[in-house]
file target_33.tsv (TSV, N, CA and C atoms)
chain	number	residue	atom	x	y	z
A	28	MET	N	0.82	-1.20	0.00
A	28	MET	CA	0.00	0.00	0.00
A	28	MET	C	0.87	1.26	0.00
A	29	THR	N	1.95	1.27	0.76
A	29	THR	CA	2.76	2.47	0.86
A	29	THR	C	3.44	2.80	-0.46
A	30	LYS	N	3.86	1.79	-1.19
A	30	LYS	CA	4.49	2.02	-2.50
A	30	LYS	C	3.49	2.71	-3.42
A	31	VAL	N	2.24	2.37	-3.27
A	31	VAL	CA	1.19	2.98	-4.08
A	31	VAL	C	1.12	4.49	-3.82
A	32	MET	N	1.18	4.88	-2.57
A	32	MET	CA	1.10	6.31	-2.22
A	32	MET	C	2.32	7.07	-2.74
A	33	LEU	N	3.48	6.47	-2.64
A	33	LEU	CA	4.70	7.10	-3.14
A	33	LEU	C	4.62	7.26	-4.65
A	34	ASP	N	4.18	6.22	-5.34
A	34	ASP	CA	4.06	6.31	-6.79
A	34	ASP	C	3.01	7.34	-7.20
A	35	TYR	N	1.91	7.39	-6.47
A	35	TYR	CA	0.87	8.37	-6.73
A	35	TYR	C	1.41	9.79	-6.56
A	36	THR	N	2.17	10.00	-5.50
A	36	THR	CA	2.76	11.32	-5.24
A	36	THR	C	3.70	11.72	-6.36
A	37	LYS	N	4.52	10.79	-6.81
A	37	LYS	CA	5.44	11.08	-7.92
A	37	LYS	C	4.67	11.46	-9.18
A	38	SER	N	3.60	10.74	-9.47
A	38	SER	CA	2.84	11.04	-10.69
A	38	SER	C	2.18	12.42	-10.60
A	39	ILE	N	1.69	12.78	-9.44
A	39	ILE	CA	1.10	14.11	-9.25
A	39	ILE	C	2.16	15.18	-9.45
A	40	LEU	N	3.32	15.00	-8.84
A	40	LEU	CA	4.40	15.98	-8.95
A	40	LEU	C	4.87	16.12	-10.40
A	41	GLU	N	4.91	15.02	-11.13
A	41	GLU	CA	5.28	15.10	-12.55
A	41	GLU	C	4.26	15.92	-13.33
A	42	ARG	N	2.98	15.71	-13.03
A	42	ARG	CA	1.92	16.40	-13.76
A	42	ARG	C	1.88	17.90	-13.49
A	43	VAL	N	2.25	18.31	-12.29
A	43	VAL	CA	2.16	19.73	-11.94
A	43	VAL	C	3.52	20.44	-12.05
A	44	SER	N	4.52	19.79	-12.59
A	44	SER	CA	5.86	20.36	-12.64
A	44	SER	C	5.97	21.57	-13.57
A	45	PHE	N	4.93	21.85	-14.34
A	45	PHE	CA	4.93	23.03	-15.21
A	45	PHE	C	4.78	24.32	-14.41
A	46	ASP	N	4.28	24.21	-13.17
A	46	ASP	CA	4.02	25.39	-12.33
A	46	ASP	C	4.72	25.22	-10.98
A	47	PRO	N	5.81	25.98	-10.74
A	47	PRO	CA	6.54	25.82	-9.48
A	47	PRO	C	5.70	26.04	-8.22
A	48	ALA	N	4.75	26.94	-8.26
A	48	ALA	CA	3.91	27.19	-7.08
A	48	ALA	C	3.02	25.98	-6.78
A	49	LEU	N	2.44	25.41	-7.81
A	49	LEU	CA	1.61	24.23	-7.63
A	49	LEU	C	2.45	23.03	-7.23
A	50	PHE	N	3.63	22.91	-7.80
A	50	PHE	CA	4.57	21.84	-7.45
A	50	PHE	C	4.91	21.92	-5.97
A	51	TYR	N	5.19	23.12	-5.48
A	51	TYR	CA	5.51	23.34	-4.07
A	51	TYR	C	4.34	22.95	-3.17
A	52	LYS	N	3.14	23.33	-3.59
A	52	LYS	CA	1.94	23.01	-2.80
A	52	LYS	C	1.73	21.50	-2.70
A	53	GLU	N	1.90	20.80	-3.81
A	53	GLU	CA	1.74	19.35	-3.81
A	53	GLU	C	2.86	18.67	-3.03
A	54	LEU	N	4.03	19.23	-3.06
A	54	LEU	CA	5.14	18.69	-2.30
A	54	LEU	C	4.88	18.81	-0.80
A	55	GLN	N	4.30	19.92	-0.39
A	55	GLN	CA	3.94	20.09	1.02
A	55	GLN	C	2.90	19.06	1.45
A	56	LYS	N	1.94	18.76	0.59
A	56	LYS	CA	0.95	17.73	0.89
A	56	LYS	C	1.62	16.37	1.06
A	57	ALA	N	2.59	16.09	0.18
A	57	ALA	CA	3.29	14.81	0.24
A	57	ALA	C	4.04	14.66	1.55
A	58	ILE	N	4.64	15.73	2.01
A	58	ILE	CA	5.40	15.69	3.26
A	58	ILE	C	4.50	15.30	4.43
A	59	LYS	N	3.26	15.77	4.39
A	59	LYS	CA	2.32	15.47	5.46
A	59	LYS	C	1.82	14.03	5.43
A	60	THR	N	1.79	13.40	4.25
A	60	THR	CA	1.18	12.09	4.13
A	60	THR	C	2.16	10.92	4.08
A	61	LEU	N	3.37	11.17	3.61
A	61	LEU	CA	4.31	10.05	3.44
A	61	LEU	C	5.04	9.73	4.74
A	62	LEU	N	5.43	8.49	4.86
A	62	LEU	CA	6.21	8.04	6.01
A	62	LEU	C	7.66	8.47	5.85
A	63	PRO	N	8.43	8.50	6.93
A	63	PRO	CA	9.82	8.97	6.84
A	63	PRO	C	10.67	8.23	5.80
A	64	TYR	N	10.57	6.91	5.73
A	64	TYR	CA	11.39	6.20	4.74
A	64	TYR	C	10.91	6.48	3.32
A	65	GLU	N	9.62	6.75	3.15
A	65	GLU	CA	9.11	7.13	1.83
A	65	GLU	C	9.62	8.52	1.44
A	66	MET	N	9.74	9.39	2.43
A	66	MET	CA	10.26	10.73	2.16
A	66	MET	C	11.70	10.66	1.68
A	67	GLU	N	12.45	9.72	2.21
A	67	GLU	CA	13.84	9.54	1.78
A	67	GLU	C	13.87	9.12	0.31
A	68	GLN	N	12.99	8.22	-0.06
A	68	GLN	CA	12.90	7.78	-1.46
A	68	GLN	C	12.43	8.92	-2.35
A	69	LEU	N	11.46	9.69	-1.87
A	69	LEU	CA	10.96	10.83	-2.64
A	69	LEU	C	12.05	11.88	-2.81
A	70	ARG	N	12.84	12.11	-1.77
A	70	ARG	CA	13.92	13.09	-1.84
A	70	ARG	C	14.92	12.71	-2.95
A	71	GLU	N	15.30	11.45	-3.00
A	71	GLU	CA	16.22	10.98	-4.04
A	71	GLU	C	15.59	11.17	-5.43
A	72	TRP	N	14.33	10.81	-5.55
A	72	TRP	CA	13.64	10.95	-6.83
A	72	TRP	C	13.57	12.42	-7.24
A	73	LEU	N	13.28	13.30	-6.30
A	73	LEU	CA	13.16	14.73	-6.58
A	73	LEU	C	14.47	15.33	-7.09
A	74	PHE	N	15.58	14.94	-6.47
A	74	PHE	CA	16.87	15.47	-6.92
A	74	PHE	C	17.15	15.05	-8.35
A	75	ASN	N	16.79	13.83	-8.71
A	75	ASN	CA	16.96	13.38	-10.10
A	75	ASN	C	15.97	14.07	-11.03
A	76	PHE	N	14.74	14.19	-10.60
A	76	PHE	CA	13.69	14.77	-11.43
A	76	PHE	C	13.93	16.25	-11.72
A	77	THR	N	14.42	16.98	-10.73
A	77	THR	CA	14.61	18.43	-10.89
A	77	THR	C	15.97	18.80	-11.45
A	78	HIS	N	16.79	17.81	-11.74
A	78	HIS	CA	18.13	18.08	-12.26
A	78	HIS	C	18.08	18.96	-13.51
A	79	GLU	N	17.15	18.71	-14.40
A	79	GLU	CA	17.01	19.48	-15.64
A	79	GLU	C	15.93	20.56	-15.54
A	80	LYS	N	15.40	20.80	-14.35
A	80	LYS	CA	14.33	21.78	-14.16
A	80	LYS	C	14.75	22.78	-13.07
A	81	PRO	N	15.60	23.74	-13.43
A	81	PRO	CA	16.10	24.68	-12.40
A	81	PRO	C	15.01	25.51	-11.75
A	82	GLU	N	13.89	25.71	-12.42
A	82	GLU	CA	12.80	26.50	-11.84
A	82	GLU	C	12.16	25.80	-10.63
A	83	LEU	N	12.36	24.49	-10.51
A	83	LEU	CA	11.79	23.74	-9.39
A	83	LEU	C	12.76	23.57	-8.23
A	84	LYS	N	14.02	23.89	-8.43
A	84	LYS	CA	15.04	23.70	-7.38
A	84	LYS	C	14.69	24.41	-6.07
A	85	PRO	N	14.16	25.65	-6.09
A	85	PRO	CA	13.83	26.29	-4.80
A	85	PRO	C	12.79	25.52	-4.00
A	86	CYS	N	11.95	24.74	-4.65
A	86	CYS	CA	10.94	23.95	-3.95
A	86	CYS	C	11.56	22.86	-3.08
A	87	LEU	N	12.77	22.46	-3.42
A	87	LEU	CA	13.43	21.38	-2.68
A	87	LEU	C	13.88	21.81	-1.29
A	88	LEU	N	13.89	23.11	-1.03
A	88	LEU	CA	14.28	23.58	0.29
A	88	LEU	C	13.36	23.06	1.37
A	89	VAL	N	12.12	22.79	1.01
A	89	VAL	CA	11.14	22.32	1.97
A	89	VAL	C	11.46	20.89	2.44
A	90	ILE	N	12.21	20.12	1.66
A	90	ILE	CA	12.52	18.75	2.06
A	90	ILE	C	13.96	18.57	2.54
A	91	SER	N	14.73	19.62	2.56
A	91	SER	CA	16.12	19.51	3.00
A	91	SER	C	16.17	19.11	4.46
A	92	PRO	N	17.10	18.21	4.81
A	92	PRO	CA	17.19	17.75	6.20
A	92	PRO	C	17.69	18.83	7.13

call {"tool": "encode", "arguments": {"input": "target_33.tsv", "output": "structure tokens"}}
result
Amino acid sequence: MTKVMLDYTKSILERVSFDPALFYKELQKAIKTLLPYEMEQLREWLFNFTHEKPELKPCLLVISP
């Protein structure tokens, strides 16, 4: 079940990545719902996903340890 939520979160973030404000809002929702180990997986995925999207890099400050 937890893998499902992580995959769902990733798909939502991919869909809203055109708008940094919406991306940030969805990322905040994910932080509230995912478990700590899922957040670690999401953090790794986000760094890879945003590598070519500099406009989304400021959103990653919300997940920095």

call {"tool": "residues_around", "arguments": {"input": "target_33.tsv", "residues": "Glu41 (chain A)", "least_positions_apart": "4", "cutoff": "10 Å", "atoms": "only C-alpha atoms", "output": "compact mmCIF listing (two decimals) with N, CA and C atoms, in the frame of the given file"}}
result
# COMPACT_ATOMS: atom_id res chain seq x y z
N TYR A 35 1.91 7.39 -6.47
CA TYR A 35 0.87 8.37 -6.73
C TYR A 35 1.41 9.79 -6.56
N THR A 36 2.17 10.00 -5.50
CA THR A 36 2.76 11.32 -5.24
C THR A 36 3.70 11.72 -6.36
N LYS A 37 4.52 10.79 -6.81
CA LYS A 37 5.44 11.08 -7.92
C LYS A 37 4.67 11.46 -9.18
N PHE A 45 4.93 21.85 -14.34
CA PHE A 45 4.93 23.03 -15.21
C PHE A 45 4.78 24.32 -14.41
N PHE A 50 3.63 22.91 -7.80
CA PHE A 50 4.57 21.84 -7.45
C PHE A 50 4.91 21.92 -5.97
N LEU A 73 13.28 13.30 -6.30
CA LEU A 73 13.16 14.73 -6.58
C LEU A 73 14.47 15.33 -7.09
N PHE A 76 14.74 14.19 -10.60
CA PHE A 76 13.69 14.77 -11.43
C PHE A 76 13.93 16.25 -11.72

call {"tool": "residues_around", "arguments": {"input": "target_33.tsv", "residues": "Glu82 (chain A)", "least_positions_apart": "6", "cutoff": "8 Å", "atoms": "only N, CA and C atoms", "output": "number ranges by chain"}}
result
A: 46-48

call {"tool": "closest_residue", "arguments": {"input": "target_33.tsv", "among": "A:Lys30, A:Ile39, A:Ile90, A:Lys84", "to": "Ile58 (chain A)", "atoms": "all atoms listed in the file"}}
result
A:Ile90

call {"tool": "closest_residue", "arguments": {"input": "target_33.tsv", "among": "A:Leu33, A:Thr60, A:Ser44, A:Ser38", "to": "Leu83 (chain A)", "atoms": "only C-alpha atoms"}}
result
A:Ser44

call {"tool": "atom_distance", "arguments": {"input": "target_33.tsv", "atom1": "CA of Met66 (chain A)", "atom2": "CA of Lys80 (chain A)"}}
result
20.1 Å

call {"tool": "closest_residue", "arguments": {"input": "target_33.tsv", "among": "A:Phe74, A:Leu61, A:Pro81, A:Leu49", "to": "Met32 (chain A)", "atoms": "all atoms listed in the file"}}
result
A:Leu61

call {"tool": "atom_distance", "arguments": {"input": "target_33.tsv", "atom1": "atom C of Asp34 (chain A)", "atom2": "atom C of Thr77 (chain A)"}}
result
17.8 Å

call {"tool": "atom_distance", "arguments": {"input": "target_33.tsv", "atom1": "atom N of Leu87 (chain A)", "atom2": "atom C of Arg70 (chain A)"}}
result
10.0 Å

call {"tool": "select_by_dssp", "arguments": {"input": "target_33.tsv", "residues": "chain A", "states": "helix (DSSP H, G or I)", "output": "PyMOL selection string"}}
result
chain A and resi 29-42+47-60+63-79+81-90
